[in-house]
Amino acid sequence: MKKVLFLCLALVLGLSSLASAQKLSPLGIWTNEEKKATFEIYQCGNKLCGKIVSLTVPNDPKTGKPKTDSQNPDPKLRNRTRLGLVFMQGFEYDDDNKWDDGKIYDPESGKTYSCYMKMNNANSMEVKGYIGFSLIGRSQNWTRVK
């Protein structure tokens, strides 16, 4: 009887540690700390990408027209709208609920940074853009919308 109880306990502990080892997924709709926009993180090939799906202020206050990628370093891309813009790409699963080796583009400055996403829990993740080393950079906590 003791052997059966021990086997059952070992099985339960093994299954619970296996469940906790499963990765949390960043796939879905997110918003940043400022809540200026919502973003969709989606599968693109075998990597993850992100695009802008809504803006709280979608139109330029000066012109009344949809906001564009006016700060892009490539003049040919400055007229594309921000809505629908793919601004994150190339993220691969690293480990410990972290996706790394990605790039994030800031349409407000026209700059591109190295980036990682790390899930804090099912509805919160840290997104960090950096140049060179990930120790130096800027982090934001994003909240899942759905």
# chains A, B, ... in the order shown; residues from 1 in each chain; ligands from 1
>>> residues_around(residues="Thr112 (chain A)", least_positions_apart="4", cutoff="12 Å", atoms="only C-alpha atoms", output="PyMOL selection string")
chain A and resi 71-73+87-89+102-108+129-132
>>> write_last_selection(atoms="all heavy atoms", output="compact mmCIF listing (two decimals), in the first residue's frame")
# COMPACT_ATOMS: atom_id res chain seq x y z
N GLN A 71 8.49 59.42 -39.53
CA GLN A 71 9.88 59.50 -39.04
C GLN A 71 10.77 58.38 -39.59
O GLN A 71 11.94 58.28 -39.22
CB GLN A 71 9.90 59.45 -37.51
CG GLN A 71 9.13 60.58 -36.85
CD GLN A 71 9.66 61.94 -37.26
OE1 GLN A 71 10.86 62.21 -37.21
NE2 GLN A 71 8.76 62.81 -37.68
N ASN A 72 10.22 57.55 -40.46
CA ASN A 72 10.99 56.42 -40.99
C ASN A 72 12.23 56.93 -41.70
O ASN A 72 12.16 57.87 -42.48
CB ASN A 72 10.12 55.59 -41.95
CG ASN A 72 10.73 54.23 -42.22
OD1 ASN A 72 11.83 54.11 -42.72
ND2 ASN A 72 9.98 53.21 -41.85
N PRO A 73 13.40 56.30 -41.46
CA PRO A 73 14.62 56.72 -42.14
C PRO A 73 14.58 56.49 -43.65
O PRO A 73 15.33 57.13 -44.38
CB PRO A 73 15.73 55.89 -41.49
CG PRO A 73 15.05 54.80 -40.75
CD PRO A 73 13.65 55.23 -40.48
N PHE A 87 5.69 46.24 -36.55
CA PHE A 87 6.78 46.96 -35.89
C PHE A 87 7.65 46.06 -35.02
O PHE A 87 8.65 46.51 -34.47
CB PHE A 87 6.22 48.13 -35.06
CG PHE A 87 5.53 47.69 -33.80
CD1 PHE A 87 6.12 47.93 -32.57
CD2 PHE A 87 4.32 47.04 -33.84
CE1 PHE A 87 5.50 47.53 -31.41
CE2 PHE A 87 3.69 46.65 -32.68
CZ PHE A 87 4.28 46.88 -31.46
N MET A 88 7.27 44.80 -34.89
CA MET A 88 8.07 43.81 -34.16
C MET A 88 8.23 42.60 -35.04
O MET A 88 7.27 42.17 -35.68
CB MET A 88 7.36 43.39 -32.86
CG MET A 88 7.12 44.51 -31.89
SD MET A 88 6.15 43.97 -30.45
CE MET A 88 7.39 43.09 -29.52
N GLN A 89 9.45 42.03 -35.06
CA GLN A 89 9.65 40.83 -35.86
C GLN A 89 10.87 40.05 -35.41
O GLN A 89 11.75 40.58 -34.74
CB GLN A 89 9.74 41.16 -37.34
CG GLN A 89 10.74 42.20 -37.71
CD GLN A 89 10.54 42.68 -39.14
OE1 GLN A 89 9.90 42.02 -39.95
NE2 GLN A 89 11.08 43.82 -39.46
N GLY A 102 14.65 39.48 -31.27
CA GLY A 102 13.72 40.22 -32.10
C GLY A 102 14.16 41.65 -32.31
O GLY A 102 15.15 42.12 -31.73
N LYS A 103 13.43 42.33 -33.15
CA LYS A 103 13.63 43.75 -33.42
C LYS A 103 12.31 44.47 -33.17
O LYS A 103 11.24 43.94 -33.47
CB LYS A 103 14.06 44.00 -34.86
CG LYS A 103 15.38 43.36 -35.25
CD LYS A 103 16.53 44.09 -34.64
CE LYS A 103 17.86 43.48 -35.10
NZ LYS A 103 18.98 43.99 -34.35
N ILE A 104 12.40 45.68 -32.62
CA ILE A 104 11.22 46.50 -32.42
C ILE A 104 11.48 47.87 -33.03
O ILE A 104 12.56 48.45 -32.84
CB ILE A 104 10.83 46.60 -30.93
CG1 ILE A 104 9.47 47.29 -30.76
CG2 ILE A 104 11.92 47.26 -30.10
CD1 ILE A 104 8.87 47.13 -29.37
N TYR A 105 10.52 48.34 -33.79
CA TYR A 105 10.63 49.62 -34.47
C TYR A 105 9.72 50.62 -33.77
O TYR A 105 8.56 50.33 -33.47
CB TYR A 105 10.22 49.46 -35.94
CG TYR A 105 10.07 50.75 -36.69
CD1 TYR A 105 11.19 51.51 -37.03
CD2 TYR A 105 8.82 51.23 -37.05
CE1 TYR A 105 11.06 52.71 -37.72
CE2 TYR A 105 8.68 52.42 -37.74
CZ TYR A 105 9.81 53.16 -38.06
OH TYR A 105 9.67 54.35 -38.74
N ASP A 106 10.24 51.81 -33.49
CA ASP A 106 9.47 52.88 -32.85
C ASP A 106 9.07 53.89 -33.93
O ASP A 106 9.91 54.68 -34.38
CB ASP A 106 10.30 53.55 -31.77
CG ASP A 106 9.60 54.73 -31.12
OD1 ASP A 106 8.40 54.96 -31.39
OD2 ASP A 106 10.26 55.43 -30.31
N PRO A 107 7.80 53.89 -34.35
CA PRO A 107 7.40 54.81 -35.42
C PRO A 107 7.42 56.28 -34.99
O PRO A 107 7.44 57.16 -35.84
CB PRO A 107 5.99 54.35 -35.79
CG PRO A 107 5.50 53.57 -34.63
CD PRO A 107 6.71 53.01 -33.95
N GLU A 108 7.43 56.55 -33.69
CA GLU A 108 7.48 57.94 -33.24
C GLU A 108 8.88 58.54 -33.40
O GLU A 108 9.02 59.75 -33.56
CB GLU A 108 7.00 58.06 -31.80
CG GLU A 108 5.51 57.77 -31.69
CD GLU A 108 4.95 58.02 -30.31
OE1 GLU A 108 5.70 58.44 -29.41
OE2 GLU A 108 3.74 57.78 -30.14
N GLY A 129 13.44 47.04 -25.23
CA GLY A 129 14.21 47.43 -26.40
C GLY A 129 15.57 47.92 -25.95
O GLY A 129 15.68 48.58 -24.92
N TYR A 130 16.59 47.59 -26.71
CA TYR A 130 17.95 47.95 -26.30
C TYR A 130 18.87 48.03 -27.52
O TYR A 130 18.57 47.53 -28.59
CB TYR A 130 18.50 46.95 -25.27
CG TYR A 130 18.53 45.51 -25.77
CD1 TYR A 130 19.67 45.00 -26.38
CD2 TYR A 130 17.44 44.68 -25.64
CE1 TYR A 130 19.71 43.69 -26.85
CE2 TYR A 130 17.46 43.37 -26.09
CZ TYR A 130 18.60 42.89 -26.69
OH TYR A 130 18.64 41.61 -27.15
N ILE A 131 20.01 48.66 -27.30
CA ILE A 131 21.07 48.73 -28.29
C ILE A 131 22.27 47.99 -27.70
O ILE A 131 22.71 48.33 -26.60
CB ILE A 131 21.45 50.18 -28.63
CG1 ILE A 131 20.27 50.91 -29.24
CG2 ILE A 131 22.66 50.23 -29.57
CD1 ILE A 131 20.49 52.40 -29.45
N GLY A 132 22.76 47.01 -28.41
CA GLY A 132 23.93 46.28 -27.92
C GLY A 132 23.57 45.24 -26.88
O GLY A 132 23.20 44.14 -27.20
>>> select_by_dssp(residues="chain A", states="strand (DSSP E)", output="VMD selection string")
chain A and resid 28 to 31 37 to 44 47 to 55 86 to 93 98 to 106 111 to 121 124 to 130 137 to 144
>>> residues_around(residues="Ser139 (chain A)", least_positions_apart="2", cutoff="10 Å", atoms="only C-alpha atoms", output="CSV table (one decimal) with N, CA and C atoms, in the first residue's frame")
chain,number,residue,atom,x,y,z
A,115,CYS,N,15.3,43.6,-29.2
A,115,CYS,CA,14.2,43.5,-28.3
A,115,CYS,C,14.0,42.1,-27.8
A,116,TYR,N,13.5,41.9,-26.6
A,116,TYR,CA,13.0,40.6,-26.1
A,116,TYR,C,11.7,40.9,-25.4
A,117,MET,N,10.9,39.8,-25.4
A,117,MET,CA,9.6,39.8,-24.6
A,117,MET,C,9.7,38.7,-23.6
A,126,GLU,N,7.0,41.7,-20.0
A,126,GLU,CA,8.0,42.8,-20.1
A,126,GLU,C,8.5,42.8,-21.5
A,127,VAL,N,8.5,44.0,-22.1
A,127,VAL,CA,9.0,44.2,-23.5
A,127,VAL,C,10.2,45.1,-23.3
A,128,LYS,N,11.4,44.7,-23.7
A,128,LYS,CA,12.6,45.5,-23.5
A,128,LYS,C,13.3,45.8,-24.9
A,129,GLY,N,13.4,47.0,-25.2
A,129,GLY,CA,14.2,47.4,-26.4
A,129,GLY,C,15.6,47.9,-26.0
A,130,TYR,N,16.6,47.6,-26.7
A,130,TYR,CA,17.9,47.9,-26.3
A,130,TYR,C,18.9,48.0,-27.5
A,134,SER,N,21.4,43.8,-23.5
A,134,SER,CA,20.1,43.9,-23.0
A,134,SER,C,20.0,44.5,-21.6
A,136,ILE,N,21.2,47.3,-20.8
A,136,ILE,CA,21.0,48.7,-21.0
A,136,ILE,C,19.9,48.9,-22.0
A,137,GLY,N,18.8,49.5,-21.6
A,137,GLY,CA,17.7,49.7,-22.6
A,137,GLY,C,16.5,50.2,-21.8
A,141,ASN,N,6.0,47.3,-19.3
A,141,ASN,CA,5.1,46.2,-19.0
A,141,ASN,C,3.9,46.3,-19.9
A,142,TRP,N,3.6,45.3,-20.6
A,142,TRP,CA,2.4,45.3,-21.5
A,142,TRP,C,1.3,44.4,-20.8
>>> atom_distance(atom1="CA of Leu24 (chain A)", atom2="CA of Phe39 (chain A)")
17.6 Å
>>> atom_distance(atom1="CA of Asn123 (chain A)", atom2="CA of Thr81 (chain A)")
28.2 Å
>>> select_by_dssp(residues="chain A", states="helix (DSSP H, G or I)", output="list in words")
Lys2, Lys3, Val4, Leu5, Phe6, Leu7, Cys8, Leu9, Ala10, Leu11, Val12, Leu13, Gly14, Leu15, Ser16, Ser17, Leu18, Ala19, Ser20, Ala21, Pro75, Lys76 and Leu77 of chain A
>>> write_last_selection(atoms="N, CA, C and O atoms", output="compact mmCIF listing (two decimals), in the first residue's frame")
# COMPACT_ATOMS: atom_id res chain seq x y z
N LYS A 2 1.94 1.24 0.80
CA LYS A 2 2.84 2.40 0.84
C LYS A 2 3.48 2.65 -0.52
O LYS A 2 3.66 3.80 -0.92
N LYS A 3 3.81 1.59 -1.23
CA LYS A 3 4.41 1.74 -2.55
C LYS A 3 3.44 2.40 -3.52
O LYS A 3 3.82 3.24 -4.32
N VAL A 4 2.17 2.02 -3.45
CA VAL A 4 1.15 2.59 -4.33
C VAL A 4 0.97 4.07 -4.03
O VAL A 4 0.90 4.91 -4.93
N LEU A 5 0.91 4.44 -2.74
CA LEU A 5 0.79 5.85 -2.35
C LEU A 5 2.00 6.65 -2.81
O LEU A 5 1.87 7.76 -3.31
N PHE A 6 3.18 6.09 -2.62
CA PHE A 6 4.40 6.77 -3.05
C PHE A 6 4.41 6.98 -4.56
O PHE A 6 4.74 8.05 -5.05
N LEU A 7 3.98 5.96 -5.31
CA LEU A 7 3.93 6.05 -6.77
C LEU A 7 2.92 7.11 -7.21
O LEU A 7 3.20 7.91 -8.09
N CYS A 8 1.76 7.14 -6.56
CA CYS A 8 0.74 8.15 -6.88
C CYS A 8 1.26 9.56 -6.58
O CYS A 8 1.07 10.48 -7.37
N LEU A 9 1.91 9.72 -5.43
CA LEU A 9 2.46 11.03 -5.06
C LEU A 9 3.53 11.47 -6.06
O LEU A 9 3.56 12.61 -6.50
N ALA A 10 4.40 10.56 -6.44
CA ALA A 10 5.44 10.88 -7.42
C ALA A 10 4.83 11.27 -8.76
O ALA A 10 5.29 12.20 -9.41
N LEU A 11 3.77 10.57 -9.15
CA LEU A 11 3.11 10.88 -10.42
C LEU A 11 2.47 12.26 -10.38
O LEU A 11 2.62 13.05 -11.31
N VAL A 12 1.79 12.59 -9.29
CA VAL A 12 1.16 13.90 -9.15
C VAL A 12 2.21 15.00 -9.15
O VAL A 12 2.06 16.02 -9.83
N LEU A 13 3.27 14.83 -8.41
CA LEU A 13 4.34 15.84 -8.38
C LEU A 13 4.99 15.99 -9.75
O LEU A 13 5.30 17.10 -10.18
N GLY A 14 5.19 14.91 -10.44
CA GLY A 14 5.78 14.96 -11.78
C GLY A 14 4.90 15.70 -12.76
O GLY A 14 5.37 16.52 -13.55
N LEU A 15 3.60 15.44 -12.72
CA LEU A 15 2.67 16.13 -13.62
C LEU A 15 2.57 17.60 -13.30
O LEU A 15 2.49 18.43 -14.19
N SER A 16 2.57 17.96 -12.02
CA SER A 16 2.47 19.38 -11.66
C SER A 16 3.73 20.14 -12.07
O SER A 16 3.65 21.27 -12.52
N SER A 17 4.90 19.53 -11.96
CA SER A 17 6.12 20.22 -12.39
C SER A 17 6.16 20.31 -13.91
O SER A 17 6.65 21.29 -14.46
N LEU A 18 5.62 19.33 -14.60
CA LEU A 18 5.55 19.38 -16.06
C LEU A 18 4.62 20.50 -16.50
O LEU A 18 4.94 21.26 -17.41
N ALA A 19 3.50 20.65 -15.83
CA ALA A 19 2.55 21.72 -16.18
C ALA A 19 3.16 23.09 -15.94
O ALA A 19 2.96 24.01 -16.71
N SER A 20 3.91 23.25 -14.86
CA SER A 20 4.51 24.56 -14.58
C SER A 20 5.66 24.86 -15.53
O SER A 20 6.05 26.00 -15.70
N ALA A 21 6.22 23.83 -16.17
CA ALA A 21 7.33 24.04 -17.10
C ALA A 21 6.83 24.48 -18.48
O ALA A 21 7.62 24.88 -19.31
N PRO A 75 12.74 57.28 -46.86
CA PRO A 75 11.70 58.20 -47.35
C PRO A 75 10.55 57.51 -48.08
O PRO A 75 9.42 57.99 -48.06
N LYS A 76 10.81 56.37 -48.71
CA LYS A 76 9.77 55.65 -49.44
C LYS A 76 8.69 55.08 -48.51
O LYS A 76 7.58 54.79 -48.96
N LEU A 77 9.02 54.92 -47.22
CA LEU A 77 8.08 54.31 -46.27
C LEU A 77 7.35 55.34 -45.40
O LEU A 77 6.51 54.97 -44.60
>>> atom_distance(atom1="CA of Tyr93 (chain A)", atom2="CA of Ser124 (chain A)")
16.8 Å
>>> residues_around(residues="Glu33 (chain A)", least_positions_apart="2", cutoff="10 Å", atoms="only C-alpha atoms", output="PDB file with all heavy atoms, in the first residue's frame")
ATOM      1  N   THR A  31      -1.675  45.861 -24.834  1.00  0.00           N
ATOM      2  CA  THR A  31      -1.534  47.314 -24.814  1.00  0.00           C
ATOM      3  C   THR A  31      -0.321  47.662 -23.962  1.00  0.00           C
ATOM      4  O   THR A  31       0.070  46.902 -23.075  1.00  0.00           O
ATOM      5  CB  THR A  31      -2.809  48.021 -24.295  1.00  0.00           C
ATOM      6  OG1 THR A  31      -2.671  49.427 -24.514  1.00  0.00           O
ATOM      7  CG2 THR A  31      -3.054  47.760 -22.825  1.00  0.00           C
ATOM      8  N   LYS A  35      -1.111  53.080 -22.939  1.00  0.00           N
ATOM      9  CA  LYS A  35      -2.402  52.731 -23.554  1.00  0.00           C
ATOM     10  C   LYS A  35      -2.710  53.595 -24.789  1.00  0.00           C
ATOM     11  O   LYS A  35      -3.846  53.933 -25.060  1.00  0.00           O
ATOM     12  CB  LYS A  35      -3.529  52.793 -22.531  1.00  0.00           C
ATOM     13  CG  LYS A  35      -3.308  51.819 -21.379  1.00  0.00           C
ATOM     14  CD  LYS A  35      -4.515  51.649 -20.536  1.00  0.00           C
ATOM     15  CE  LYS A  35      -4.358  50.749 -19.349  1.00  0.00           C
ATOM     16  NZ  LYS A  35      -3.371  49.762 -19.281  1.00  0.00           N
ATOM     17  N   LYS A  36      -1.647  53.934 -25.538  1.00  0.00           N
ATOM     18  CA  LYS A  36      -1.810  54.711 -26.770  1.00  0.00           C
ATOM     19  C   LYS A  36      -2.250  53.846 -27.942  1.00  0.00           C
ATOM     20  O   LYS A  36      -2.710  54.361 -28.949  1.00  0.00           O
ATOM     21  CB  LYS A  36      -0.486  55.383 -27.151  1.00  0.00           C
ATOM     22  CG  LYS A  36      -0.071  56.522 -26.274  1.00  0.00           C
ATOM     23  CD  LYS A  36       1.223  57.120 -26.811  1.00  0.00           C
ATOM     24  CE  LYS A  36       1.660  58.347 -26.059  1.00  0.00           C
ATOM     25  NZ  LYS A  36       2.888  58.924 -26.622  1.00  0.00           N
ATOM     26  N   ALA A  37      -2.055  52.529 -27.802  1.00  0.00           N
ATOM     27  CA  ALA A  37      -2.323  51.633 -28.922  1.00  0.00           C
ATOM     28  C   ALA A  37      -2.542  50.217 -28.409  1.00  0.00           C
ATOM     29  O   ALA A  37      -2.236  49.909 -27.253  1.00  0.00           O
ATOM     30  CB  ALA A  37      -1.151  51.658 -29.901  1.00  0.00           C
ATOM     31  N   GLN A 140       9.116  48.084 -20.802  1.00  0.00           N
ATOM     32  CA  GLN A 140       7.726  48.429 -20.561  1.00  0.00           C
ATOM     33  C   GLN A 140       7.002  47.158 -20.168  1.00  0.00           C
ATOM     34  O   GLN A 140       7.366  46.058 -20.622  1.00  0.00           O
ATOM     35  CB  GLN A 140       7.054  48.948 -21.830  1.00  0.00           C
ATOM     36  CG  GLN A 140       7.272  50.390 -22.119  1.00  0.00           C
ATOM     37  CD  GLN A 140       6.268  50.900 -23.161  1.00  0.00           C
ATOM     38  OE1 GLN A 140       5.645  50.145 -23.878  1.00  0.00           O
ATOM     39  NE2 GLN A 140       6.135  52.192 -23.217  1.00  0.00           N
ATOM     40  N   ASN A 141       5.985  47.313 -19.340  1.00  0.00           N
ATOM     41  CA  ASN A 141       5.119  46.189 -19.026  1.00  0.00           C
ATOM     42  C   ASN A 141       3.858  46.329 -19.863  1.00  0.00           C
ATOM     43  O   ASN A 141       3.214  47.366 -19.848  1.00  0.00           O
ATOM     44  CB  ASN A 141       4.761  46.158 -17.540  1.00  0.00           C
ATOM     45  CG  ASN A 141       5.948  45.712 -16.713  1.00  0.00           C
ATOM     46  OD1 ASN A 141       6.533  44.665 -16.990  1.00  0.00           O
ATOM     47  ND2 ASN A 141       6.310  46.485 -15.719  1.00  0.00           N
ATOM     48  N   TRP A 142       3.575  45.300 -20.635  1.00  0.00           N
ATOM     49  CA  TRP A 142       2.387  45.272 -21.478  1.00  0.00           C
ATOM     50  C   TRP A 142       1.342  44.396 -20.803  1.00  0.00           C
ATOM     51  O   TRP A 142       1.662  43.409 -20.139  1.00  0.00           O
ATOM     52  CB  TRP A 142       2.707  44.731 -22.851  1.00  0.00           C
ATOM     53  CG  TRP A 142       3.500  45.676 -23.725  1.00  0.00           C
ATOM     54  CD1 TRP A 142       4.129  46.817 -23.359  1.00  0.00           C
ATOM     55  CD2 TRP A 142       3.761  45.510 -25.112  1.00  0.00           C
ATOM     56  NE1 TRP A 142       4.755  47.382 -24.438  1.00  0.00           N
ATOM     57  CE2 TRP A 142       4.533  46.594 -25.522  1.00  0.00           C
ATOM     58  CE3 TRP A 142       3.406  44.546 -26.040  1.00  0.00           C
ATOM     59  CZ2 TRP A 142       4.959  46.775 -26.843  1.00  0.00           C
ATOM     60  CZ3 TRP A 142       3.829  44.704 -27.354  1.00  0.00           C
ATOM     61  CH2 TRP A 142       4.594  45.803 -27.748  1.00  0.00           C
ATOM     62  N   THR A 143       0.084  44.748 -21.024  1.00  0.00           N
ATOM     63  CA  THR A 143      -1.042  44.037 -20.449  1.00  0.00           C
ATOM     64  C   THR A 143      -1.869  43.423 -21.572  1.00  0.00           C
ATOM     65  O   THR A 143      -2.148  44.077 -22.574  1.00  0.00           O
ATOM     66  CB  THR A 143      -1.928  45.004 -19.633  1.00  0.00           C
ATOM     67  OG1 THR A 143      -1.094  45.649 -18.657  1.00  0.00           O
ATOM     68  CG2 THR A 143      -3.046  44.269 -18.935  1.00  0.00           C
TER      69      THR A 143
END
>>> decode(residues="region 30-41 of chain A", atoms="N, CA, C and O atoms", output="CSV table (one decimal), in the first residue's frame")
chain,number,residue,atom,x,y,z
A,30,TRP,N,-2.4,43.1,-27.0
A,30,TRP,CA,-1.7,43.7,-25.9
A,30,TRP,C,-1.8,45.2,-26.0
A,30,TRP,O,-2.0,45.8,-27.1
A,31,THR,N,-1.7,45.9,-24.8
A,31,THR,CA,-1.5,47.3,-24.8
A,31,THR,C,-0.3,47.7,-24.0
A,31,THR,O,0.1,46.9,-23.1
A,32,ASN,N,0.3,48.8,-24.2
A,32,ASN,CA,1.4,49.3,-23.5
A,32,ASN,C,1.0,50.1,-22.3
A,32,ASN,O,-0.2,50.3,-22.0
A,33,GLU,N,2.0,50.5,-21.5
A,33,GLU,CA,1.7,51.3,-20.3
A,33,GLU,C,0.9,52.6,-20.5
A,33,GLU,O,0.1,52.9,-19.7
A,34,GLU,N,1.2,53.2,-21.6
A,34,GLU,CA,0.6,54.5,-21.9
A,34,GLU,C,-0.8,54.3,-22.5
A,34,GLU,O,-1.6,55.2,-22.6
A,35,LYS,N,-1.1,53.1,-22.9
A,35,LYS,CA,-2.4,52.7,-23.6
A,35,LYS,C,-2.7,53.6,-24.8
A,35,LYS,O,-3.8,53.9,-25.1
A,36,LYS,N,-1.6,53.9,-25.5
A,36,LYS,CA,-1.8,54.7,-26.8
A,36,LYS,C,-2.2,53.8,-27.9
A,36,LYS,O,-2.7,54.4,-28.9
A,37,ALA,N,-2.1,52.5,-27.8
A,37,ALA,CA,-2.3,51.6,-28.9
A,37,ALA,C,-2.5,50.2,-28.4
A,37,ALA,O,-2.2,49.9,-27.3
A,38,THR,N,-3.1,49.4,-29.3
A,38,THR,CA,-3.1,47.9,-29.0
A,38,THR,C,-2.3,47.3,-30.1
A,38,THR,O,-2.2,47.7,-31.3
A,39,PHE,N,-1.7,46.1,-29.8
A,39,PHE,CA,-0.8,45.4,-30.7
A,39,PHE,C,-1.1,44.0,-30.7
A,39,PHE,O,-1.5,43.4,-29.7
A,40,GLU,N,-1.0,43.4,-31.8
A,40,GLU,CA,-1.2,41.9,-32.0
A,40,GLU,C,0.1,41.2,-32.1
A,40,GLU,O,0.9,41.5,-33.0
A,41,ILE,N,0.4,40.3,-31.2
A,41,ILE,CA,1.5,39.4,-31.3
A,41,ILE,C,1.0,38.1,-32.0
A,41,ILE,O,0.1,37.5,-31.6
